[in-house]
Structures are given as C-alpha cells and as structure tokens.
file protein_34.cif (mmCIF, C-alpha atoms (C1' of nucleotides))
data_start
loop_
_atom_site.label_atom_id
_atom_site.label_comp_id
_atom_site.auth_asym_id
_atom_site.auth_seq_id
_atom_site.Cartn_x
_atom_site.Cartn_y
_atom_site.Cartn_z
CA MET A 9 33.16 20.66 -5.99
CA ILE A 10 32.45 19.11 -2.63
CA ASN A 11 35.04 16.66 -1.25
CA LYS A 12 36.33 14.98 1.88
CA ASP A 13 38.72 17.82 2.83
CA ILE A 14 36.04 20.47 2.68
CA LEU A 15 33.76 18.45 4.93
CA GLN A 16 36.57 17.60 7.33
CA ASN A 17 37.44 21.28 7.64
CA LYS A 18 33.83 22.14 8.23
CA LEU A 19 33.89 19.86 11.24
CA LYS A 20 37.18 21.26 12.53
CA ASP A 21 36.06 24.84 12.07
CA LYS A 22 33.00 24.23 14.18
CA GLY A 23 35.12 22.65 16.93
CA PHE A 24 34.21 19.03 16.31
CA LYS A 25 36.85 16.33 16.44
CA ILE A 26 37.87 14.23 13.48
CA THR A 27 37.14 10.61 14.28
CA ASP A 28 37.26 7.45 12.21
CA GLN A 29 33.50 7.15 12.48
CA ARG A 30 32.90 10.67 11.23
CA LEU A 31 35.27 10.17 8.32
CA ALA A 32 33.58 6.89 7.47
CA ILE A 33 30.15 8.52 7.47
CA ILE A 34 31.49 11.29 5.24
CA ASP A 35 32.84 8.67 2.83
CA VAL A 36 29.44 7.04 2.61
CA LEU A 37 27.73 10.37 2.05
CA LEU A 38 30.16 11.25 -0.72
CA GLU A 39 29.58 7.88 -2.37
CA HIS A 40 25.87 8.67 -2.34
CA LYS A 41 26.09 12.19 -3.60
CA ASN A 42 22.75 13.21 -5.12
CA HIS A 43 21.02 10.21 -3.61
CA PHE A 44 19.03 9.76 -0.44
CA ILE A 45 20.36 7.32 2.12
CA SER A 46 18.88 6.16 5.41
CA ALA A 47 20.61 6.01 8.78
CA GLU A 48 20.48 2.24 8.59
CA GLU A 49 22.17 2.11 5.20
CA ILE A 50 24.88 4.42 6.49
CA TYR A 51 25.24 2.26 9.57
CA LYS A 52 25.67 -0.89 7.50
CA LYS A 53 28.22 0.67 5.17
CA VAL A 54 30.23 2.20 7.99
CA SER A 55 30.17 -1.13 9.82
CA VAL A 56 32.03 -2.86 7.00
CA ASN A 57 35.24 -1.06 7.93
CA LEU A 58 34.42 -0.16 11.51
CA PRO A 59 32.48 -3.17 12.78
CA LYS A 60 32.10 -1.92 16.33
CA THR A 61 30.34 1.26 15.29
CA ASN A 62 27.10 1.80 17.15
CA PHE A 63 23.82 3.02 15.76
CA SER A 64 23.74 5.84 18.27
CA THR A 65 27.03 7.15 16.90
CA ILE A 66 25.49 7.30 13.45
CA TYR A 67 22.45 9.18 14.70
CA ARG A 68 24.47 11.54 16.86
CA ASN A 69 26.73 12.45 13.98
CA LEU A 70 23.95 12.78 11.45
CA GLU A 71 22.37 15.26 13.83
CA ILE A 72 25.63 17.22 14.02
CA PHE A 73 26.09 17.05 10.27
CA GLU A 74 22.64 18.47 9.80
CA GLU A 75 23.33 21.28 12.28
CA ILE A 76 26.42 22.39 10.41
CA ASP A 77 24.77 22.03 7.01
CA ILE A 78 26.71 19.07 5.73
CA ILE A 79 23.59 17.07 5.09
CA HIS A 80 19.90 17.63 4.58
CA LYS A 81 17.35 15.43 6.32
CA THR A 82 14.04 14.53 4.72
CA THR A 83 11.12 12.79 6.39
CA LEU A 84 8.31 11.14 4.51
CA SER A 85 5.24 9.27 5.68
CA GLY A 86 5.87 5.70 6.66
CA ILE A 87 9.51 5.80 5.70
CA THR A 88 12.63 6.18 7.81
CA ALA A 89 14.26 9.57 7.69
CA ILE A 90 16.59 9.89 4.73
CA TYR A 91 19.66 12.05 4.34
CA GLU A 92 21.73 13.51 1.57
CA LEU A 93 24.88 15.50 1.24
CA ILE A 94 24.41 19.19 0.61
CA CYS A 95 26.38 20.09 -2.50
CA ASN A 96 26.81 23.82 -2.91
CA ASN A 97 25.89 25.14 -6.30
CA GLU A 98 24.18 21.89 -6.97
CA HIS A 99 20.89 22.83 -5.43
CA HIS A 100 18.07 20.63 -6.61
CA HIS A 101 14.82 18.89 -5.70
CA HIS A 102 13.41 15.44 -6.25
CA ILE A 103 10.72 13.31 -7.74
CA ILE A 104 10.14 10.36 -5.46
CA CYS A 105 8.46 7.09 -6.34
CA LYS A 106 5.97 6.25 -3.60
CA ASN A 107 6.42 2.57 -4.27
CA CYS A 108 10.12 1.82 -4.66
CA GLY A 109 11.64 5.06 -3.47
CA LYS A 110 13.43 5.70 -6.75
CA THR A 111 14.34 9.34 -7.09
CA GLU A 112 15.07 11.62 -9.97
CA ILE A 113 16.55 15.05 -9.71
CA ILE A 114 14.72 18.13 -10.93
CA ASP A 115 16.74 21.26 -11.23
CA PHE A 116 13.76 23.58 -11.26
CA CYS A 117 13.49 25.38 -7.93
CA PRO A 118 10.12 26.91 -7.09
CA PHE A 119 11.77 28.93 -4.40
CA ASP A 120 13.35 31.24 -6.92
CA HIS A 121 9.91 32.02 -8.25
CA ILE A 122 8.26 32.64 -4.94
CA LYS A 123 10.93 34.39 -2.90
CA SER A 124 9.79 37.90 -3.63
CA GLN A 125 6.18 37.13 -2.77
CA ILE A 126 7.01 35.67 0.62
CA ASN A 127 9.09 38.53 1.90
CA LYS A 128 5.95 40.51 2.52
CA LYS A 129 4.92 37.96 5.11
CA SER A 130 6.17 37.96 8.66
CA PHE A 131 8.58 35.09 8.29
CA VAL A 132 12.33 34.82 8.00
CA LEU A 133 12.92 31.98 5.58
CA THR A 134 15.67 29.51 6.26
CA GLY A 135 14.82 26.58 4.05
CA HIS A 136 12.33 24.93 1.81
CA LYS A 137 11.21 21.58 0.52
CA PHE A 138 9.69 20.81 -2.84
CA GLU A 139 8.92 17.19 -3.50
CA LEU A 140 6.87 15.49 -6.15
CA TYR A 141 5.37 12.08 -5.49
CA GLY A 142 4.24 9.49 -7.96
CA TYR A 143 5.24 6.21 -9.53
CA CYS A 144 8.17 5.40 -11.74
CA ASN A 145 7.76 3.34 -14.89
CA ARG A 146 9.07 0.15 -13.38
CA CYS A 147 6.57 0.26 -10.52
CA LEU A 148 3.69 1.03 -12.84
CA LYS A 149 4.40 -2.05 -14.94
CA LYS A 150 3.99 -4.37 -11.97
CA MET B 13 -17.33 24.52 -0.03
CA ILE B 14 -16.32 21.48 1.95
CA ASN B 15 -18.65 20.37 4.75
CA LYS B 16 -19.66 17.48 6.95
CA ASP B 17 -22.13 15.99 4.48
CA ILE B 18 -19.63 15.87 1.67
CA LEU B 19 -17.12 14.08 3.82
CA GLN B 20 -19.71 11.70 5.20
CA ASN B 21 -20.78 10.79 1.69
CA LYS B 22 -17.21 10.25 0.66
CA LEU B 23 -16.95 7.62 3.39
CA LYS B 24 -20.22 5.96 2.41
CA ASP B 25 -19.34 5.94 -1.26
CA LYS B 26 -16.15 4.08 -0.57
CA GLY B 27 -17.99 1.52 1.54
CA PHE B 28 -16.94 2.72 4.96
CA LYS B 29 -19.39 2.87 7.82
CA ILE B 30 -20.43 6.06 9.54
CA THR B 31 -19.43 5.83 13.17
CA ASP B 32 -19.48 8.35 16.00
CA GLN B 33 -15.71 8.33 16.08
CA ARG B 34 -15.40 9.08 12.38
CA LEU B 35 -17.91 11.90 12.61
CA ALA B 36 -16.09 13.34 15.59
CA ILE B 37 -12.79 13.27 13.73
CA ILE B 38 -14.41 14.98 10.78
CA ASP B 39 -15.74 17.67 13.10
CA VAL B 40 -12.27 18.32 14.43
CA LEU B 41 -10.81 18.45 10.94
CA LEU B 42 -13.46 20.91 9.83
CA GLU B 43 -12.78 23.09 12.86
CA HIS B 44 -9.14 23.12 11.84
CA LYS B 45 -9.64 23.81 8.18
CA ASN B 46 -6.48 25.32 6.71
CA HIS B 47 -4.47 24.40 9.79
CA PHE B 48 -2.28 21.44 10.56
CA ILE B 49 -3.28 19.23 13.45
CA SER B 50 -1.55 16.24 15.00
CA ALA B 51 -3.06 12.84 15.77
CA GLU B 52 -2.71 13.60 19.45
CA GLU B 53 -4.59 16.89 19.19
CA ILE B 54 -7.35 15.13 17.28
CA TYR B 55 -7.39 12.39 19.90
CA LYS B 56 -7.75 14.90 22.71
CA LYS B 57 -10.53 16.84 21.00
CA VAL B 58 -12.45 13.72 20.05
CA SER B 59 -12.09 12.43 23.61
CA VAL B 60 -14.01 15.39 24.99
CA ASN B 61 -17.26 14.03 23.59
CA LEU B 62 -16.28 10.40 23.19
CA PRO B 63 -14.10 9.70 26.22
CA LYS B 64 -13.57 6.02 25.47
CA THR B 65 -12.06 6.64 22.06
CA ASN B 66 -8.76 4.91 21.61
CA PHE B 67 -5.64 6.28 19.97
CA SER B 68 -5.56 3.36 17.56
CA THR B 69 -8.99 4.34 16.29
CA ILE B 70 -7.67 7.80 15.52
CA TYR B 71 -4.68 6.44 13.66
CA ARG B 72 -6.68 3.83 11.78
CA ASN B 73 -9.17 6.41 10.61
CA LEU B 74 -6.60 9.01 9.71
CA GLU B 75 -5.03 6.35 7.52
CA ILE B 76 -8.37 5.69 5.85
CA PHE B 77 -9.07 9.40 5.47
CA GLU B 78 -5.74 9.81 3.77
CA GLU B 79 -6.44 6.93 1.41
CA ILE B 80 -9.71 8.42 0.26
CA ASP B 81 -8.24 11.92 -0.01
CA ILE B 82 -10.08 13.55 2.84
CA ILE B 83 -6.87 14.65 4.52
CA HIS B 84 -3.27 15.23 3.64
CA LYS B 85 -0.50 13.98 5.90
CA THR B 86 2.75 15.84 6.34
CA THR B 87 5.85 14.58 8.09
CA LEU B 88 8.64 16.82 9.27
CA SER B 89 11.88 16.12 11.11
CA GLY B 90 11.52 15.70 14.83
CA ILE B 91 7.82 16.45 14.81
CA THR B 92 4.82 14.18 14.96
CA ALA B 93 3.01 13.69 11.69
CA ILE B 94 0.48 16.45 11.07
CA TYR B 95 -2.72 16.35 9.10
CA GLU B 96 -5.05 18.75 7.38
CA LEU B 97 -8.32 18.60 5.58
CA ILE B 98 -8.12 18.66 1.81
CA CYS B 99 -10.33 21.50 0.57
CA ASN B 100 -11.05 21.29 -3.12
CA ASN B 101 -10.48 24.49 -5.00
CA GLU B 102 -8.60 25.73 -2.02
CA HIS B 103 -5.31 24.19 -2.93
CA HIS B 104 -2.42 25.83 -1.14
CA HIS B 105 0.96 25.37 0.53
CA HIS B 106 2.53 26.55 3.75
CA ILE B 107 5.21 28.50 5.46
CA ILE B 108 6.08 26.74 8.69
CA CYS B 109 7.88 28.23 11.66
CA LYS B 110 10.59 25.79 12.74
CA ASN B 111 10.30 27.00 16.31
CA CYS B 112 6.64 27.31 17.21
CA GLY B 113 5.01 25.53 14.29
CA LYS B 114 3.00 28.58 13.28
CA THR B 115 1.85 28.28 9.71
CA GLU B 116 0.83 30.72 7.06
CA ILE B 117 -0.82 29.87 3.81
CA ILE B 118 0.76 30.65 0.46
CA ASP B 119 -1.46 30.30 -2.54
CA PHE B 120 1.35 30.12 -5.03
CA CYS B 121 1.73 26.56 -6.28
CA PRO B 122 5.05 25.67 -7.86
CA PHE B 123 3.48 22.59 -9.31
CA ASP B 124 1.62 24.61 -11.88
CA HIS B 125 4.92 25.98 -13.09
CA ILE B 126 6.75 22.72 -13.28
CA LYS B 127 4.13 20.28 -14.49
CA SER B 128 5.01 20.50 -18.15
CA GLN B 129 8.68 19.98 -17.48
CA ILE B 130 8.17 16.84 -15.45
CA ASN B 131 6.05 14.99 -17.92
CA LYS B 132 9.09 14.26 -20.01
CA LYS B 133 10.44 12.20 -17.15
CA SER B 134 9.46 8.62 -16.50
CA PHE B 135 7.16 9.33 -13.60
CA VAL B 136 3.43 9.47 -13.13
CA LEU B 137 2.85 12.26 -10.67
CA THR B 138 0.28 11.83 -7.96
CA GLY B 139 1.16 14.51 -5.45
CA HIS B 140 3.57 17.13 -4.36
CA LYS B 141 4.79 18.99 -1.34
CA PHE B 142 6.11 22.51 -1.19
CA GLU B 143 7.06 23.81 2.21
CA LEU B 144 9.02 26.81 3.35
CA TYR B 145 10.75 26.77 6.71
CA GLY B 146 11.83 29.68 8.83
CA TYR B 147 10.92 31.68 11.87
CA CYS B 148 7.93 33.84 12.52
CA ASN B 149 8.27 37.29 14.03
CA ARG B 150 7.24 36.23 17.50
CA CYS B 151 9.88 33.52 17.67
CA LEU B 152 12.57 35.84 16.37
CA LYS B 153 11.87 38.35 19.10
CA LYS B 154 12.57 35.81 21.83
"C1'" DA C 7 45.50 16.29 30.52
"C1'" DT C 8 40.97 17.44 29.24
"C1'" DG C 9 36.68 16.90 27.77
"C1'" DC C 10 34.54 15.52 23.50
"C1'" DA C 11 33.15 11.06 21.26
"C1'" DT C 12 32.02 6.42 21.44
"C1'" DG C 13 29.85 1.84 22.69
"C1'" DC C 14 26.55 -0.26 25.22
"C1'" DA C 15 22.20 -0.96 27.13
"C1'" DA C 16 18.07 0.81 28.27
"C1'" DA C 17 14.46 4.08 27.60
"C1'" DG C 18 11.26 6.95 24.81
"C1'" DC C 19 7.80 7.89 21.75
"C1'" DA C 20 4.81 7.72 17.80
"C1'" DT C 21 2.57 4.41 15.45
"C1'" DT C 22 0.89 -0.35 14.43
"C1'" DT C 23 -1.15 -4.83 15.26
"C1'" DG C 24 -3.83 -9.02 17.13
"C1'" DC C 25 -7.81 -10.19 19.13
"C1'" DA C 26 -12.31 -10.25 21.28
"C1'" DA C 27 -16.29 -7.43 21.82
"C1'" DT C 28 -19.38 -4.08 19.66
"C1'" DC C 29 -21.96 -1.74 16.38
"C1'" DA C 30 -23.68 0.06 11.66
"C1'" DA C 31 -26.11 -1.43 7.74
"C1'" DT D 14 -27.16 -11.09 10.75
"C1'" DT D 15 -22.56 -10.16 9.39
"C1'" DG D 16 -18.56 -8.13 8.54
"C1'" DA D 17 -16.53 -3.72 9.52
"C1'" DT D 18 -15.06 -1.05 13.47
"C1'" DT D 19 -13.64 -0.34 18.00
"C1'" DG D 20 -11.10 -0.70 22.56
"C1'" DC D 21 -7.56 -2.70 24.83
"C1'" DA D 22 -3.03 -4.19 25.51
"C1'" DA D 23 1.04 -5.47 23.76
"C1'" DA D 24 4.45 -5.06 20.21
"C1'" DT D 25 7.11 -2.61 16.84
"C1'" DG D 26 10.63 0.23 15.02
"C1'" DC D 27 13.11 4.35 14.74
"C1'" DT D 28 15.52 7.35 17.44
"C1'" DT D 29 17.37 9.20 21.80
"C1'" DT D 30 19.71 9.18 26.26
"C1'" DG D 31 22.72 8.09 30.52
"C1'" DC D 32 26.82 6.55 31.76
"C1'" DA D 33 31.46 4.67 31.88
"C1'" DT D 34 35.35 4.10 28.77
"C1'" DG D 35 38.29 5.65 25.07
"C1'" DC D 36 40.43 8.79 22.11
"C1'" DA D 37 41.57 13.33 19.58
"C1'" DT D 38 43.72 17.53 20.51
#
call {"tool": "encode", "arguments": {"input": "protein_34.cif", "output": "structure tokens"}}
result
Amino acid sequence: MINKDILQNKLKDKGFKITDQRLAIIDVLLEHKNHFISAEEIYKKVSVNLPKTNFSTIYRNLEIFEEIDIIHKTTLSGITAIYELICNNEHHHHIICKNCGKTEIIDFCPFDHIKSQINKKSFVLTGHKFELYGYCNRCLKK
Amino acid sequence: MINKDILQNKLKDKGFKITDQRLAIIDVLLEHKNHFISAEEIYKKVSVNLPKTNFSTIYRNLEIFEEIDIIHKTTLSGITAIYELICNNEHHHHIICKNCGKTEIIDFCPFDHIKSQINKKSFVLTGHKFELYGYCNRCLKK
DNA sequence: ATGCATGCAAAGCATTTGCAATCAA
DNA sequence: TTGATTGCAAATGCTTTGCATGCAT
C-alpha cells in the first residue's frame, strides 16, 4: 500500500532533496488517491500550509514526480493537465464525464488483451492510456 | 470510402458555408488520412495555396470539424493538440512514439471488449481513447 | 560548504476572442 | 441582402525559464 514514506524514499533514492514543498505536494496527492487533480488545485491546497509556495515550484516538482513515476499526467482537450498518484498493484483506467469531469474507475485494462499482438510491431511499449468519455447521470439530467 | 464530397456535404447539412479555407483544410486532412497532424502543420499546408489564411481560421474550423465529427482531436503531454480525419468503418487506435511522434495503427479496439461492462455504470458513453506509448526502432537506435 | 530547490518576475507558446471587413448563399 | 466567416491584432491562460536567495545534506 502506497504511503508517504515510500514516496519520500523514492525521492531520496533518485537523489532529490526532501523539502517542505515536496512533502506537502505528496500529502495532497495521497489525499486524492484514485482521483485526478490539477496543478492549480495542488497549488491551492499546498498554499494553505505553505503560503509562500510558488506555482513554478508546483510545476517543477510535478515534472520530477512524473519522471520518477510517482504520478501520472493526463491531458485532455480544453482542460488543464491533471495528475494522479501511481498506486502499484492498483492499476486502473477511467470513465470521464465531458461535462463536469466526474470520474469513475474501471478495472478492466485493454492492455492485457492487446500486449501480445503489439509485440510483433517495431515499438517498445512504455505506457498506455485508455479513457472513456461520456456524461454522468447528474449532467444528463440538467 | 471517405472523400471530399462527403465532407463537404456534412458541412452543408449542418448549415455551415463552403469556403476556400474549409475546402483547403479538408484537402489537407484527406492527404493525411490515418495520420495525426497538428494545427500548425495544417496552417502551413493551407497557406501554400491560400497565403492570407489566418491561424484563428484554422482553429475555428478545426473546432467546428470536431463538433460535427469530421475529425478527432487528441491531446498529449507537452505536445500540441493533434487531429485526424474520422474515417467511418476504419475505426482504429494508435501506437505513438514518445520521441519522434511516429505512429502505427492498431485495429484492435478495447472498447468492443469493455462496452458491456460499462453499461452498468451511471455513464452514457460518447467516445473513447486508447493509446500506447513507447519508442520506435529508429529512436531506440539513437 | 555545496549545489539543489525555491520564489519571483518575466517570457513562451498554443489557443481564443472582439471587431470590422468580406464573402457564400 | 444578410448573417456566417474571415483576417487582424490583442488577450488569455497554462506552463516554463532565468536568476538571485535560501535551504537540505
């Protein structure tokens, strides 16, 4: 089960320093486990305890966190990039409401089904994205 | 088989006017069937024959084309949005090289496999994205 | 003590918007 | 003719960068 110590060690192991800002960002990510969160939301939450924190610090660290596989970044049309903690053994994909952004988790992974077919092709695979778009019940009622 | 007339009619049917710029964009999209292309690439290609064309015209029309299902827009981290013509009966997904952007088509669609499972959930599905990331042989050799 | 990390301010870049002129129907 | 479409220029908004200061190790 993922926790603060594991993530902190991941940083140390890769030679990054442990700073208040990084710990605060990790806290926010842990709070939002299994949910997408934008850089701005992280910025606001971190700012509650560390008011001087700058947006560039958030972005710089999110970039590092992505590099060392702490988080996964997703970009969608017309929406700010969103991030989520990578939880080992908790691999999953999403259904995303195009109107309100509500997400549900789907544990089916198409990658398992396709892996063998792809290996014939001249690509080394490092990642994949499977996202379903639509509207949730609440948005349909409006 | 998709062609210029079909797309032109699609515009007319939805009440949009046929302009030189729109036809030029359609030409470019047809030339790039089954390949992603960015707004800038479209802009440059359209500008060859219509030098006065403005970037905003490209963006405005790509937005319209997306609305009426002529193209599909894809957004990836750190890369400009990319577009491709929607070819009926030629539904497919991609493998994308994270280094050079080279794409290969995969005709496997995970959606077919998952559809029945999702309907239980409180979502109306309107679209999906399945993308594999990795490196192509040429980029690995470097 | 050393150099990585941060805050700050400014820049960058893709994309969007307001408005007047132009053009398709 | 008339409203949709375009070109132009300026604005927007997210994200990145340079640089001096501060802090973890």
call {"tool": "resolve_selection", "arguments": {"input": "protein_34.cif", "expression": "the PyMOL selection byres ((chain A and resi 90) around 8)", "output": "list in words"}}
result
Phe44, Ile45, Ser46, Ala47, Lys81, Thr82, Thr83, Thr88, Ala89, Tyr91 and Glu92 of chain A
call {"tool": "resolve_selection", "arguments": {"input": "protein_34.cif", "expression": "the PyMOL selection byres ((chain D and resi 36) around 10)", "output": "mmCIF file with C-alpha atoms (C1' of nucleotides), in the frame of the given file"}}
result
data_model
loop_
_atom_site.group_PDB
_atom_site.id
_atom_site.type_symbol
_atom_site.label_atom_id
_atom_site.label_comp_id
_atom_site.auth_asym_id
_atom_site.auth_seq_id
_atom_site.Cartn_x
_atom_site.Cartn_y
_atom_site.Cartn_z
ATOM 1 C CA THR A 27 37.140 10.610 14.280
ATOM 2 C "C1'" DC C 10 34.540 15.520 23.500
ATOM 3 C "C1'" DA C 11 33.150 11.060 21.260
ATOM 4 C "C1'" DT C 12 32.020 6.420 21.440
ATOM 5 C "C1'" DT D 34 35.350 4.100 28.770
ATOM 6 C "C1'" DG D 35 38.290 5.650 25.070
ATOM 7 C "C1'" DA D 37 41.570 13.330 19.580
ATOM 8 C "C1'" DT D 38 43.720 17.530 20.510
#
call {"tool": "closest_atom_pairs", "arguments": {"input": "protein_34.cif", "of": "chain B", "to": "chain C", "cutoff": "12 Å", "atoms": "only C-alpha atoms (C1' of nucleotides)", "output": "tab-separated table"}}
result
residue	atom	partner	partner_atom	distance
B:Lys24	CA	C:DA31	C1'	10.8
B:Gly27	CA	C:DA31	C1'	10.6
B:Phe28	CA	C:DA30	C1'	9.9
B:Lys29	CA	C:DA30	C1'	6.4
B:Ile30	CA	C:DA30	C1'	7.1
B:Thr31	CA	C:DA30	C1'	7.3
B:Asp32	CA	C:DA30	C1'	10.3
B:Gln33	CA	C:DC29	C1'	11.9
B:Ser50	CA	C:DA20	C1'	11.0
B:Ala51	CA	C:DA20	C1'	9.6
B:Glu52	CA	C:DA20	C1'	9.7
B:Phe67	CA	C:DT21	C1'	9.6
B:Ser68	CA	C:DT22	C1'	8.1
B:Thr69	CA	C:DT22	C1'	11.1
B:Ile70	CA	C:DT21	C1'	10.8
B:Tyr71	CA	C:DT21	C1'	7.7
B:Arg72	CA	C:DT22	C1'	9.0
B:Leu74	CA	C:DT21	C1'	11.8
B:Glu75	CA	C:DT21	C1'	11.2
B:Thr87	CA	C:DA20	C1'	11.9
B:Gly90	CA	C:DA20	C1'	10.8
B:Ile91	CA	C:DA20	C1'	9.7
B:Thr92	CA	C:DA20	C1'	7.1
B:Ala93	CA	C:DA20	C1'	8.7
B:Ile94	CA	C:DA20	C1'	11.8
call {"tool": "atom_distance", "arguments": {"input": "protein_34.cif", "atom1": "CA of Leu23 in chain B", "atom2": "CA of Ile82 in chain B"}}
result
9.1 Å
call {"tool": "resolve_selection", "arguments": {"input": "protein_34.cif", "expression": "the PyMOL selection byres ((chain B and resi 15) around 10)", "output": "number ranges by chain"}}
result
B: 13-14, 16-20, 38-39, 42, 99
call {"tool": "interface_residues", "arguments": {"input": "protein_34.cif", "of": "chain D", "to": "chain B", "cutoff": "10 Å", "atoms": "all atoms listed in the file", "output": "PyMOL selection string"}}
result
chain D and resi 17-21+28
call {"tool": "atom_distance", "arguments": {"input": "protein_34.cif", "atom1": "CA of Ile76 in chain A", "atom2": "C1' of DA33 in chain D"}}
result
28.3 Å
call {"tool": "atom_distance", "arguments": {"input": "protein_34.cif", "atom1": "CA of Asn57 in chain A", "atom2": "C1' of DG31 in chain D"}}
result
27.4 Å
